[in-house]
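Coordinates as given in upload_33.csv (CSV, C-alpha atoms):
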```csv
chain,number,residue,atom,x,y,z
A,1,MET,CA,-49.9,-56.7,71.0
A,2,SER,CA,-52.6,-55.8,73.5
A,3,HIS,CA,-56.1,-54.7,72.5
A,4,THR,CA,-55.4,-51.2,73.7
A,5,THR,CA,-52.6,-50.7,71.2
A,6,LEU,CA,-54.4,-51.8,68.0
A,7,ALA,CA,-53.9,-49.1,65.4
A,8,GLY,CA,-57.2,-47.4,64.5
A,9,LEU,CA,-59.3,-49.0,67.2
A,10,ASP,CA,-59.9,-45.7,69.0
A,11,GLU,CA,-60.9,-44.1,65.7
A,12,LEU,CA,-63.4,-46.9,64.9
A,13,THR,CA,-64.8,-46.6,68.4
A,14,GLN,CA,-65.4,-42.9,67.9
A,15,MET,CA,-67.2,-43.5,64.6
A,16,LEU,CA,-69.4,-46.2,66.0
A,17,GLN,CA,-70.9,-43.6,68.4
A,18,ILE,CA,-72.0,-41.3,65.6
A,19,PRO,CA,-75.5,-41.9,64.2
A,20,CYS,CA,-75.5,-41.5,60.5
A,21,PRO,CA,-78.7,-42.8,58.8
A,22,SER,CA,-79.1,-42.0,55.1
A,23,GLY,CA,-80.0,-38.4,54.7
A,24,ARG,CA,-78.6,-37.5,58.1
A,25,GLU,CA,-74.9,-38.0,57.6
A,26,GLU,CA,-73.9,-34.5,58.7
A,27,ARG,CA,-72.4,-35.5,62.0
A,28,MET,CA,-70.2,-38.1,60.4
A,29,ALA,CA,-69.2,-35.6,57.7
A,30,ALA,CA,-68.2,-33.1,60.4
A,31,HIS,CA,-66.2,-35.8,62.3
A,32,LEU,CA,-64.4,-36.9,59.2
A,33,THR,CA,-63.6,-33.4,58.2
A,34,THR,CA,-62.0,-32.8,61.6
A,35,GLN,CA,-60.0,-36.0,61.4
A,36,LEU,CA,-58.7,-35.1,57.9
A,37,GLN,CA,-57.8,-31.6,58.9
A,38,GLN,CA,-55.9,-33.0,61.9
A,39,ARG,CA,-54.0,-35.2,59.5
A,40,GLY,CA,-53.0,-32.2,57.4
A,41,ALA,CA,-55.6,-32.5,54.7
A,42,SER,CA,-57.9,-29.8,53.3
A,43,PRO,CA,-61.3,-31.5,52.8
A,44,ARG,CA,-64.0,-30.2,50.5
A,45,GLN,CA,-67.8,-30.8,50.8
A,46,ASP,CA,-70.6,-30.4,48.2
A,47,GLY,CA,-74.2,-29.6,48.7
A,48,GLN,CA,-75.2,-33.2,48.7
A,49,GLY,CA,-73.0,-33.8,51.8
A,50,ASN,CA,-70.2,-35.7,50.2
A,51,VAL,CA,-66.7,-35.0,51.7
A,52,TRP,CA,-63.5,-35.5,49.8
A,53,VAL,CA,-59.8,-34.7,49.7
A,54,ASP,CA,-57.8,-33.9,46.5
A,55,ILE,CA,-54.2,-35.2,46.3
A,56,PRO,CA,-52.7,-33.6,43.1
A,57,GLY,CA,-51.0,-35.9,40.6
A,58,ARG,CA,-47.9,-35.6,38.5
A,59,GLU,CA,-49.9,-35.6,35.3
A,60,SER,CA,-53.1,-33.8,34.1
A,61,GLY,CA,-56.2,-35.6,33.0
A,62,PRO,CA,-59.1,-37.4,34.7
A,63,GLY,CA,-58.0,-38.8,38.0
A,64,VAL,CA,-58.8,-41.6,40.4
A,65,ALA,CA,-61.4,-41.8,43.2
A,66,ILE,CA,-61.3,-44.1,46.1
A,67,ALA,CA,-64.5,-43.9,48.1
A,68,SER,CA,-66.3,-45.1,51.2
A,69,HIS,CA,-69.9,-44.4,52.1
A,70,THR,CA,-70.8,-42.7,55.4
A,71,ASP,CA,-74.4,-43.7,55.9
A,72,GLU,CA,-75.8,-46.6,57.9
A,73,ILE,CA,-79.0,-48.7,57.7
A,74,ALA,CA,-81.7,-47.5,60.0
A,75,MET,CA,-85.4,-47.4,60.9
A,76,VAL,CA,-87.7,-44.7,59.6
A,77,VAL,CA,-90.9,-43.5,61.3
A,78,THR,CA,-94.1,-44.1,59.2
A,79,ALA,CA,-96.8,-43.1,61.7
A,80,ILE,CA,-97.2,-41.5,65.2
A,81,ALA,CA,-100.0,-42.7,67.4
A,82,ALA,CA,-101.9,-40.6,70.0
A,83,ASP,CA,-99.8,-42.1,72.8
A,84,GLY,CA,-96.5,-41.3,71.1
A,85,THR,CA,-95.9,-44.9,69.9
A,86,LEU,CA,-94.1,-44.9,66.5
A,87,ARG,CA,-94.6,-47.2,63.6
A,88,LEU,CA,-91.6,-48.1,61.5
A,89,GLN,CA,-90.2,-49.2,58.1
A,90,ARG,CA,-86.7,-49.9,57.2
A,91,SER,CA,-84.2,-47.5,55.6
A,92,GLY,CA,-81.7,-49.7,53.7
A,93,GLY,CA,-81.3,-53.4,54.3
A,94,LEU,CA,-82.2,-53.5,58.0
A,95,TYR,CA,-84.5,-56.3,59.4
A,96,PRO,CA,-85.9,-56.7,62.9
A,97,PHE,CA,-84.3,-60.0,63.6
A,98,LYS,CA,-80.9,-58.3,63.3
A,99,LEU,CA,-81.8,-56.0,66.1
A,100,GLY,CA,-84.0,-57.6,68.6
A,101,GLU,CA,-85.8,-55.5,71.2
A,102,GLY,CA,-83.6,-52.8,72.7
A,103,PRO,CA,-82.7,-49.1,73.1
A,104,VAL,CA,-82.6,-46.9,70.0
A,105,VAL,CA,-82.2,-43.2,69.4
A,106,LEU,CA,-84.4,-41.0,67.1
A,107,ILE,CA,-82.4,-38.4,65.1
A,108,GLY,CA,-84.7,-35.4,65.5
A,109,THR,CA,-84.2,-32.1,63.9
A,110,GLU,CA,-83.9,-30.4,67.3
A,111,GLU,CA,-82.4,-33.1,69.4
A,112,ASP,CA,-81.9,-36.9,69.7
A,113,VAL,CA,-84.7,-38.7,71.5
A,114,PRO,CA,-84.2,-42.0,73.3
A,115,ALA,CA,-86.8,-44.7,72.5
A,116,HIS,CA,-87.2,-48.5,72.8
A,117,LEU,CA,-87.8,-51.0,70.0
A,118,SER,CA,-90.6,-53.4,70.9
A,119,PHE,CA,-92.2,-56.4,69.3
A,120,GLY,CA,-94.9,-56.9,71.9
A,121,SER,CA,-95.5,-59.4,74.7
A,122,GLY,CA,-94.7,-63.0,74.1
A,123,HIS,CA,-97.2,-64.2,76.8
A,124,THR,CA,-100.0,-64.9,74.4
A,125,SER,CA,-101.7,-67.8,72.8
A,126,ASP,CA,-103.7,-65.7,70.4
A,127,PRO,CA,-103.1,-67.4,67.0
A,128,THR,CA,-103.4,-64.0,65.2
A,129,ASP,CA,-100.7,-62.3,67.3
A,130,PRO,CA,-97.5,-61.9,65.3
A,131,VAL,CA,-95.4,-62.8,68.4
A,132,ALA,CA,-97.3,-66.0,68.9
A,133,GLN,CA,-96.9,-66.8,65.3
A,134,PHE,CA,-93.2,-66.2,65.6
A,135,ASN,CA,-93.0,-68.3,68.8
A,136,ASN,CA,-94.6,-71.3,67.0
A,137,GLY,CA,-92.4,-70.9,64.0
A,138,THR,CA,-95.1,-69.9,61.6
A,139,ARG,CA,-93.5,-66.7,60.5
A,140,GLY,CA,-90.9,-64.1,61.3
A,141,ILE,CA,-91.2,-60.6,62.8
A,142,THR,CA,-91.5,-57.9,60.1
A,143,TRP,CA,-91.4,-54.1,60.4
A,144,PRO,CA,-95.3,-53.7,60.6
A,145,ASP,CA,-95.1,-55.9,63.7
A,146,CYS,CA,-92.7,-53.5,65.4
A,147,HIS,CA,-93.1,-50.2,67.2
A,148,LEU,CA,-91.0,-47.7,69.2
A,149,LEU,CA,-92.0,-46.7,72.7
A,150,THR,CA,-91.1,-43.1,73.4
A,151,GLY,CA,-92.9,-42.2,76.6
A,152,LEU,CA,-93.7,-38.8,75.0
A,153,SER,CA,-96.8,-37.2,73.5
A,154,PRO,CA,-97.0,-36.4,69.8
A,155,GLN,CA,-96.6,-32.7,70.8
A,156,ASP,CA,-93.5,-33.4,72.8
A,157,LEU,CA,-92.0,-35.4,69.9
A,158,ALA,CA,-92.8,-32.6,67.5
A,159,ALA,CA,-91.1,-30.1,69.7
A,160,ARG,CA,-88.0,-32.3,69.6
A,161,GLY,CA,-88.1,-32.5,65.8
A,162,VAL,CA,-89.5,-36.1,65.5
A,163,ARG,CA,-92.0,-36.6,62.7
A,164,VAL,CA,-93.0,-39.1,60.0
A,165,GLY,CA,-89.7,-39.6,58.1
A,166,THR,CA,-87.5,-39.3,61.2
A,167,CYS,CA,-84.8,-42.1,61.3
A,168,ALA,CA,-83.8,-44.1,64.3
A,169,VAL,CA,-80.7,-46.2,64.9
A,170,PRO,CA,-79.5,-48.4,67.8
A,171,ALA,CA,-78.3,-46.5,70.8
A,172,ALA,CA,-74.5,-45.9,71.1
A,173,THR,CA,-74.2,-48.0,74.3
A,174,GLY,CA,-74.8,-51.2,72.3
A,175,ARG,CA,-72.7,-50.5,69.3
A,176,GLY,CA,-69.3,-51.9,70.4
A,177,PRO,CA,-66.6,-52.6,69.5
A,178,THR,CA,-66.1,-56.0,71.2
A,179,LEU,CA,-62.8,-57.8,70.8
A,180,PHE,CA,-62.3,-61.5,71.1
A,181,GLY,CA,-59.9,-64.2,70.0
A,182,PRO,CA,-56.1,-63.9,69.8
A,183,PRO,CA,-54.9,-60.5,71.3
A,184,GLU,CA,-52.3,-60.0,68.6
A,185,ASP,CA,-54.9,-60.1,65.8
A,186,PRO,CA,-58.4,-60.3,67.3
A,187,LEU,CA,-61.8,-60.6,65.8
A,188,VAL,CA,-63.8,-57.4,66.4
A,189,SER,CA,-67.6,-57.2,66.4
A,190,ALA,CA,-69.6,-54.0,66.1
A,191,TRP,CA,-72.9,-52.4,65.0
A,192,LEU,CA,-72.1,-51.6,62.1
A,193,PHE,CA,-68.8,-51.9,60.4
A,194,ASP,CA,-70.7,-51.1,57.2
A,195,ASN,CA,-69.2,-48.8,56.3
A,196,ARG,CA,-67.2,-47.3,59.1
A,197,GLY,CA,-64.5,-49.8,58.2
A,198,GLY,CA,-64.2,-48.2,54.7
A,199,SER,CA,-64.0,-44.7,56.2
A,200,LEU,CA,-61.3,-45.9,58.7
A,201,THR,CA,-59.4,-47.3,55.8
A,202,LEU,CA,-59.4,-44.1,53.8
A,203,LEU,CA,-58.2,-42.1,56.8
A,204,GLN,CA,-55.4,-44.5,57.3
A,205,LEU,CA,-54.6,-44.4,53.5
A,206,TRP,CA,-54.2,-40.6,53.6
A,207,SER,CA,-51.7,-41.0,56.4
A,208,TRP,CA,-50.0,-44.0,54.6
A,209,LEU,CA,-49.5,-42.0,51.4
A,210,ARG,CA,-48.3,-38.9,53.2
A,211,GLU,CA,-45.8,-40.8,55.3
A,212,ALA,CA,-44.5,-42.7,52.3
A,213,GLY,CA,-44.1,-39.5,50.3
A,214,ILE,CA,-46.3,-40.8,47.4
A,215,THR,CA,-47.4,-38.4,44.7
A,216,PRO,CA,-50.0,-40.2,42.5
A,217,ARG,CA,-49.6,-40.1,38.7
A,218,ARG,CA,-53.1,-38.6,38.3
A,219,THR,CA,-55.1,-36.6,40.9
A,220,LEU,CA,-56.3,-38.9,43.6
A,221,GLN,CA,-59.6,-38.1,45.4
A,222,LEU,CA,-60.4,-39.8,48.7
A,223,CYS,CA,-64.2,-39.6,49.0
A,224,PHE,CA,-66.7,-40.1,51.8
A,225,MET,CA,-70.1,-40.5,50.1
A,226,VAL,CA,-73.7,-40.1,51.4
A,227,GLN,CA,-76.8,-42.2,50.9
A,228,GLU,CA,-75.2,-45.4,49.6
A,229,GLU,CA,-77.7,-47.5,51.5
A,230,THR,CA,-80.7,-45.9,49.8
A,231,GLY,CA,-79.7,-45.9,46.2
A,232,LEU,CA,-76.0,-45.2,45.8
A,233,LEU,CA,-77.0,-41.6,45.5
A,234,GLY,CA,-74.0,-39.7,46.8
A,235,ALA,CA,-71.5,-41.4,44.5
A,236,LYS,CA,-73.8,-41.1,41.5
A,237,GLY,CA,-74.1,-37.3,42.1
A,238,TRP,CA,-70.5,-36.8,42.8
A,239,VAL,CA,-69.2,-38.4,39.6
A,240,ARG,CA,-71.6,-36.2,37.6
A,241,ARG,CA,-69.8,-33.2,39.0
A,242,ASN,CA,-66.3,-34.6,39.2
A,243,GLU,CA,-64.5,-36.3,36.3
A,244,VAL,CA,-62.6,-39.4,37.1
A,245,GLU,CA,-61.2,-42.2,35.0
A,246,CYS,CA,-61.2,-44.8,37.7
A,247,PHE,CA,-63.5,-45.3,40.7
A,248,VAL,CA,-62.7,-47.8,43.5
A,249,ALA,CA,-65.3,-48.3,46.3
A,250,VAL,CA,-63.9,-49.5,49.7
A,251,ASP,CA,-66.7,-51.3,51.4
A,252,SER,CA,-67.5,-54.3,53.6
A,253,THR,CA,-67.4,-57.7,51.8
A,254,PRO,CA,-70.3,-59.9,52.9
A,255,MET,CA,-69.9,-63.6,53.5
A,256,PRO,CA,-73.1,-65.3,52.5
A,257,ARG,CA,-73.3,-69.0,52.3
A,258,GLY,CA,-71.5,-70.3,49.2
A,259,THR,CA,-68.8,-67.7,49.1
A,260,ASP,CA,-65.1,-68.7,49.4
A,261,LEU,CA,-64.2,-66.0,52.0
A,262,THR,CA,-62.5,-66.3,55.4
A,263,LEU,CA,-61.9,-63.9,58.3
A,264,ASP,CA,-58.1,-64.3,58.1
A,265,GLY,CA,-57.0,-60.7,57.5
A,266,ARG,CA,-56.8,-60.8,53.7
A,267,PRO,CA,-58.8,-58.1,51.8
A,268,ALA,CA,-61.4,-59.2,49.3
A,269,THR,CA,-62.6,-57.8,46.0
A,270,TRP,CA,-66.0,-58.1,44.3
A,271,SER,CA,-65.6,-59.7,40.9
A,272,ARG,CA,-69.3,-59.4,40.2
A,273,ASP,CA,-72.3,-58.2,42.2
A,274,SER,CA,-76.0,-58.4,41.6
A,275,HIS,CA,-75.8,-55.8,38.8
A,276,VAL,CA,-72.4,-55.5,37.1
A,277,HIS,CA,-69.1,-57.2,36.4
A,278,PHE,CA,-66.3,-55.0,37.7
A,279,ASP,CA,-63.1,-54.2,35.6
A,280,GLN,CA,-61.1,-57.4,35.7
A,281,GLY,CA,-57.9,-55.7,34.7
A,282,LEU,CA,-58.3,-53.3,37.6
A,283,ILE,CA,-58.9,-56.3,39.9
A,284,SER,CA,-55.7,-57.9,38.6
A,285,ASP,CA,-53.8,-54.6,39.4
A,286,LEU,CA,-55.2,-54.6,42.9
A,287,ALA,CA,-54.2,-58.2,43.3
A,288,THR,CA,-50.6,-57.4,42.3
A,289,ALA,CA,-50.6,-54.5,44.7
A,290,ALA,CA,-51.8,-56.8,47.5
A,291,GLN,CA,-48.8,-59.1,46.8
A,292,ARG,CA,-46.5,-56.1,47.1
A,293,ALA,CA,-48.1,-55.3,50.4
A,294,GLY,CA,-47.4,-58.7,51.8
A,295,THR,CA,-50.9,-60.1,51.5
A,296,GLU,CA,-53.3,-61.5,48.8
A,297,LEU,CA,-56.8,-60.8,47.7
A,298,GLN,CA,-59.8,-63.0,48.2
A,299,TYR,CA,-62.6,-62.9,45.6
A,300,ALA,CA,-66.4,-62.9,45.7
A,301,VAL,CA,-69.3,-63.0,43.4
A,302,TYR,CA,-72.7,-61.8,44.8
A,303,ALA,CA,-76.3,-62.4,43.8
A,304,ALA,CA,-77.6,-59.7,46.2
A,305,ALA,CA,-75.2,-56.9,46.8
A,306,ALA,CA,-74.2,-53.5,45.3
A,307,SER,CA,-71.6,-50.8,46.1
A,308,ASP,CA,-71.0,-47.2,45.2
A,309,ALA,CA,-68.8,-48.5,42.4
A,310,THR,CA,-71.9,-50.3,41.0
A,311,GLY,CA,-73.8,-47.1,40.8
A,312,VAL,CA,-70.9,-45.2,39.2
A,313,LEU,CA,-70.5,-47.9,36.6
A,314,GLN,CA,-74.2,-47.9,35.8
A,315,ALA,CA,-74.3,-44.1,35.5
A,316,GLY,CA,-71.2,-44.1,33.2
A,317,GLY,CA,-69.4,-42.0,35.7
A,318,ALA,CA,-66.0,-43.7,35.3
A,319,GLU,CA,-64.4,-46.0,32.7
A,320,ARG,CA,-63.0,-48.5,35.2
A,321,CYS,CA,-64.6,-49.5,38.5
A,322,ALA,CA,-63.9,-52.0,41.3
A,323,THR,CA,-64.9,-52.7,44.8
A,324,ILE,CA,-62.5,-53.9,47.4
A,325,GLY,CA,-62.9,-54.3,51.1
A,326,TYR,CA,-62.9,-56.3,54.3
A,327,PRO,CA,-64.7,-59.6,54.8
A,328,ARG,CA,-67.3,-59.4,57.5
A,329,GLU,CA,-69.5,-62.0,59.0
A,330,ASN,CA,-73.2,-61.2,59.9
A,331,SER,CA,-73.9,-58.5,57.4
A,332,HIS,CA,-76.2,-55.6,58.4
A,333,GLY,CA,-76.1,-56.6,62.0
A,334,TYR,CA,-73.4,-57.1,64.7
A,335,GLU,CA,-70.7,-57.6,62.1
A,336,VAL,CA,-67.4,-59.4,62.8
A,337,VAL,CA,-64.1,-58.6,61.1
A,338,ARG,CA,-60.5,-59.7,61.6
A,339,TRP,CA,-58.7,-56.6,62.7
A,340,SER,CA,-55.5,-57.1,60.6
A,341,VAL,CA,-57.6,-56.8,57.4
A,342,PHE,CA,-57.6,-53.0,57.7
A,343,ARG,CA,-53.8,-52.8,57.8
A,344,HIS,CA,-53.6,-55.1,54.8
A,345,LEU,CA,-56.3,-53.3,52.9
A,346,THR,CA,-54.7,-49.9,53.5
A,347,ALA,CA,-51.3,-51.1,52.4
A,348,THR,CA,-52.8,-52.7,49.3
A,349,LEU,CA,-54.5,-49.5,48.2
A,350,GLY,CA,-51.4,-47.5,49.0
A,351,GLU,CA,-49.3,-49.8,46.8
A,352,TRP,CA,-51.9,-49.6,44.0
A,353,VAL,CA,-51.9,-45.8,44.1
A,354,ALA,CA,-48.1,-45.8,44.0
A,355,SER,CA,-48.0,-47.9,40.9
A,356,TYR,CA,-51.2,-46.7,39.0
```

Full structure transcribed into structure tokens:
Amino acid sequence: MSHTTLAGLDELTQMLQIPCPSGREERMAAHLTTQLQQRGASPRQDGQGNVWVDIPGRESGPGVAIASHTDEIAMVVTAIAADGTLRLQRSGGLYPFKLGEGPVVLIGTEEDVPAHLSFGSGHTSDPTDPVAQFNNGTRGITWPDCHLLTGLSPQDLAARGVRVGTCAVPAATGRGPTLFGPPEDPLVSAWLFDNRGGSLTLLQLWSWLREAGITPRRTLQLCFMVQEETGLLGAKGWVRRNEVECFVAVDSTPMPRGTDLTLDGRPATWSRDSHVHFDQGLISDLATAAQRAGTELQYAVYAAAASDATGVLQAGGAERCATIGYPRENSHGYEVVRWSVFRHLTATLGEWVASY
């Protein structure tokens, strides 16, 4: 199989080009709405910005939600200097070392504005200079050490809708994807898979269920949630307005040191994260579905991770919750995934829905 025929790669590439920091997910929502409509779905959207599709079930009663989040980690402007230089803080779990210096785009209310992330000159021996301290290994670069060069005055920035609170993300030209390894099942890197990979899986799941002629036992809702990276807010709000018995988050599965995960195409489930234990019976059901789909699950326990299912469980929004996803190296950066994991993950979720 050539890289050009990998199922879903074009869709991922399109999503990678869409900036969607928390609170500014409207372009991704519009894109996903169009994609769902083209696949024969009738998506809905609430005032919070969440998008979802209802698939009626055979029986009445609280249904099942399978959800991806649509936002990405970003930078947020904290101050604007007289020369148009911008000071920054993180939105979500983004750190400067994951980015390096390079082009970014500010998501203004009137238009997008190109800018450049800068750490300052390294040609210095000043012991108080953050870059000199970084160069000699004393400390790392933190957000107060960073700034954005815009080349515009504060007045020009204001006219374009850039102000304190505006978010910036890496420019589309550097987001990928990049494919390497065996052509039949390559590794793929991109900024960021989290959580475009989950949204890709849900789009593929809709098509899988329709082609297989599956009618779920209870109403199934495929959901695309906002503001996961900044408090799991979209999912928490959605379950307060929509009753479900079961909530499954589809998200990336980080691979920190000490986890027993590999990039071999098998999906992975979170048994426990930094806040909650997920429903072990539901995890067993997903594992059985994975076997029927011709794969198997990997398992992870995290000391520093949370998903939309975490927030739903904490809020009492569903009786049973789980998180399943795709192992990815280099979390919150240029992430690397084995491409076949999306096919296996989609089939696992399809088999689970068929037997729920």

Do you have, as JSON lines, the list of residues of segment 129-213 of chain A lying at most 10 Å from segment 54-60 of chain A, each with its nearest atom pair and that distance in Å to one decimal, counting only C-alpha atoms and ordered by chain then number?
```
{"residue": "A:Trp206", "atom": "CA", "partner": "A:Ile55", "partner_atom": "CA", "distance": 9.1}
{"residue": "A:Leu209", "atom": "CA", "partner": "A:Ile55", "partner_atom": "CA", "distance": 9.7}
{"residue": "A:Arg210", "atom": "CA", "partner": "A:Ile55", "partner_atom": "CA", "distance": 9.8}
```

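Closest to Thr5 of chain A among A:Glu101, A:Glu184, A:Asp46, A:Asp145 is A:Glu184, based on all atoms listed in the file.
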
List the neighbours of Ala287 of chain A out to 12 Å using only C-alpha atoms; skip same-chain residues closer than 5 positions along the sequence, and give me the result as JSON, numbers by chain.
{"A": [266, 267, 268, 269, 270, 271, 280, 281, 282, 292, 293, 294, 295, 296, 297, 298, 299, 322, 324, 344, 345, 347, 348, 349, 351, 352]}

Residues within 9 Å of Phe342 of chain A, only C-alpha atoms, excluding chain neighbours under 4 positions, as a compact mmCIF listing (two decimals) with C-alpha atoms, in the frame of the given file:
```
# COMPACT_ATOMS: atom_id res chain seq x y z
CA GLY A 8 -57.20 -47.40 64.50
CA GLY A 197 -64.50 -49.80 58.20
CA GLY A 198 -64.20 -48.20 54.70
CA LEU A 200 -61.30 -45.90 58.70
CA THR A 201 -59.40 -47.30 55.80
CA GLN A 204 -55.40 -44.50 57.30
CA GLY A 265 -57.00 -60.70 57.50
CA ARG A 266 -56.80 -60.80 53.70
CA PRO A 267 -58.80 -58.10 51.80
CA GLY A 325 -62.90 -54.30 51.10
CA TYR A 326 -62.90 -56.30 54.30
CA ARG A 338 -60.50 -59.70 61.60
CA THR A 346 -54.70 -49.90 53.50
CA ALA A 347 -51.30 -51.10 52.40
```

Please produce, as CSV, a per-residue contact table for segment 77-191 of chain A versus segment 211-228 of chain A (criterion: any atom at most 12 Å away, all atoms listed in the file considered), showing the nearest atom pair and its distance in Å to one decimal, sorted by chain then residue number.
```
residue,atom,partner,partner_atom,distance
A:Ser91,CA,A:Gln227,CA,10.2
A:Gly92,CA,A:Glu228,CA,8.8
A:Gly93,CA,A:Glu228,CA,11.1
```

Under the rule that only C-alpha atoms are counted, which of A:Ala115, A:Ala168, A:Leu9, A:Leu99 is the nearest residue to Arg24 of chain A?
A:Ala168

Quick one: which segment 151-201 of chain A residues come within 8 Å of segment 328-335 of chain A, and what is the nearest atom pair for each with the distance in Å to one decimal, counting all atoms listed in the file, rows ordered by chain and ascending number, as JSON lines?
```
{"residue": "A:Ser189", "atom": "CA", "partner": "A:Glu335", "partner_atom": "CA", "distance": 5.3}
{"residue": "A:Ala190", "atom": "CA", "partner": "A:Tyr334", "partner_atom": "CA", "distance": 5.1}
{"residue": "A:Trp191", "atom": "CA", "partner": "A:Tyr334", "partner_atom": "CA", "distance": 4.7}
{"residue": "A:Leu192", "atom": "CA", "partner": "A:Glu335", "partner_atom": "CA", "distance": 6.2}
{"residue": "A:Phe193", "atom": "CA", "partner": "A:Glu335", "partner_atom": "CA", "distance": 6.2}
{"residue": "A:Asp194", "atom": "CA", "partner": "A:His332", "partner_atom": "CA", "distance": 7.2}
```

File of the preceding selection, C-alpha atoms, as a PDB file, in the frame of the given file:
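Written file, out-v4.pdb:
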```pdb
ATOM      1  CA  SER A 189     -67.600 -57.200  66.400  1.00  0.00           C
ATOM      2  CA  ALA A 190     -69.600 -54.000  66.100  1.00  0.00           C
ATOM      3  CA  TRP A 191     -72.900 -52.400  65.000  1.00  0.00           C
ATOM      4  CA  LEU A 192     -72.100 -51.600  62.100  1.00  0.00           C
ATOM      5  CA  PHE A 193     -68.800 -51.900  60.400  1.00  0.00           C
ATOM      6  CA  ASP A 194     -70.700 -51.100  57.200  1.00  0.00           C
TER       7      ASP A 194
END
```

Within 10 Å of Thr13 of chain A, counting all atoms listed in the file, which residues show up once you throw out same-chain ones fewer than 2 positions away? Write them as an MDAnalysis selection string, please.
chainID A and resid 8:11 15:18 175:178 190 196

Would you mind exporting C-alpha atoms of the selected residues as a compact mmCIF listing (two decimals), in the frame of the given file?
```
# COMPACT_ATOMS: atom_id res chain seq x y z
CA GLY A 8 -57.20 -47.40 64.50
CA LEU A 9 -59.30 -49.00 67.20
CA ASP A 10 -59.90 -45.70 69.00
CA GLU A 11 -60.90 -44.10 65.70
CA MET A 15 -67.20 -43.50 64.60
CA LEU A 16 -69.40 -46.20 66.00
CA GLN A 17 -70.90 -43.60 68.40
CA ILE A 18 -72.00 -41.30 65.60
CA ARG A 175 -72.70 -50.50 69.30
CA GLY A 176 -69.30 -51.90 70.40
CA PRO A 177 -66.60 -52.60 69.50
CA THR A 178 -66.10 -56.00 71.20
CA ALA A 190 -69.60 -54.00 66.10
CA ARG A 196 -67.20 -47.30 59.10
```

I want to know what sits within 10 Å of segment 150-166 of chain A, based on all atoms listed in the file, with residues of the same chain fewer than 4 positions away left out; could you give that as a PDB file with C-alpha atoms, in the coordinates of the input?
```pdb
ATOM      1  CA  PRO A  21     -78.700 -42.800  58.800  1.00  0.00           C
ATOM      2  CA  GLY A  23     -80.000 -38.400  54.700  1.00  0.00           C
ATOM      3  CA  ARG A  24     -78.600 -37.500  58.100  1.00  0.00           C
ATOM      4  CA  MET A  75     -85.400 -47.400  60.900  1.00  0.00           C
ATOM      5  CA  VAL A  76     -87.700 -44.700  59.600  1.00  0.00           C
ATOM      6  CA  VAL A  77     -90.900 -43.500  61.300  1.00  0.00           C
ATOM      7  CA  THR A  78     -94.100 -44.100  59.200  1.00  0.00           C
ATOM      8  CA  ALA A  79     -96.800 -43.100  61.700  1.00  0.00           C
ATOM      9  CA  ILE A  80     -97.200 -41.500  65.200  1.00  0.00           C
ATOM     10  CA  ALA A  81    -100.000 -42.700  67.400  1.00  0.00           C
ATOM     11  CA  ALA A  82    -101.900 -40.600  70.000  1.00  0.00           C
ATOM     12  CA  ASP A  83     -99.800 -42.100  72.800  1.00  0.00           C
ATOM     13  CA  GLY A  84     -96.500 -41.300  71.100  1.00  0.00           C
ATOM     14  CA  THR A  85     -95.900 -44.900  69.900  1.00  0.00           C
ATOM     15  CA  LEU A  86     -94.100 -44.900  66.500  1.00  0.00           C
ATOM     16  CA  ARG A  87     -94.600 -47.200  63.600  1.00  0.00           C
ATOM     17  CA  LEU A  88     -91.600 -48.100  61.500  1.00  0.00           C
ATOM     18  CA  GLN A  89     -90.200 -49.200  58.100  1.00  0.00           C
ATOM     19  CA  SER A  91     -84.200 -47.500  55.600  1.00  0.00           C
ATOM     20  CA  VAL A 104     -82.600 -46.900  70.000  1.00  0.00           C
ATOM     21  CA  VAL A 105     -82.200 -43.200  69.400  1.00  0.00           C
ATOM     22  CA  LEU A 106     -84.400 -41.000  67.100  1.00  0.00           C
ATOM     23  CA  ILE A 107     -82.400 -38.400  65.100  1.00  0.00           C
ATOM     24  CA  GLY A 108     -84.700 -35.400  65.500  1.00  0.00           C
ATOM     25  CA  THR A 109     -84.200 -32.100  63.900  1.00  0.00           C
ATOM     26  CA  GLU A 110     -83.900 -30.400  67.300  1.00  0.00           C
ATOM     27  CA  GLU A 111     -82.400 -33.100  69.400  1.00  0.00           C
ATOM     28  CA  ASP A 112     -81.900 -36.900  69.700  1.00  0.00           C
ATOM     29  CA  VAL A 113     -84.700 -38.700  71.500  1.00  0.00           C
ATOM     30  CA  PRO A 114     -84.200 -42.000  73.300  1.00  0.00           C
ATOM     31  CA  ALA A 115     -86.800 -44.700  72.500  1.00  0.00           C
ATOM     32  CA  HIS A 116     -87.200 -48.500  72.800  1.00  0.00           C
ATOM     33  CA  LEU A 117     -87.800 -51.000  70.000  1.00  0.00           C
TER      34      LEU A 117
END
```

Please measure the separation of atom CA of Leu202 of chain A and atom CA of Cys167 of chain A, giving the value in Å to one decimal.
26.6 Å

When distances are computed from all atoms listed in the file, which of A:His123, A:Arg139, A:His31, A:His147 shows the smallest separation from Gly100 of chain A?
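Under the stated criterion, the closest residue is A:His147.
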
Find the residue from A:Ile66, A:Ala41, A:Val336, A:Val53 that sits nearest to Val312 of chain A; use only C-alpha atoms when measuring.
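Checking each candidate against Val312 of chain A, we get A:Ile66 as the closest.
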
Can you pull out the residues contacting Gly40 of chain A? Cut-off 10 Å, using all atoms listed in the file, and skip same-chain residues under 3 positions away; I want them as a list in words.
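That gives Thr34, Gln35, Leu36, Gln37, Pro43, Trp206, Ser207 and Arg210 of chain A.
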
Atom pair atom CA of Gly47 of chain A + atom CA of Ser307 of chain A, distance 21.5 Å

To one decimal in Å, tell me the separation between atom CA of Pro327 of chain A and atom CA of Arg27 of chain A.
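A separation of 26.3 Å between them.
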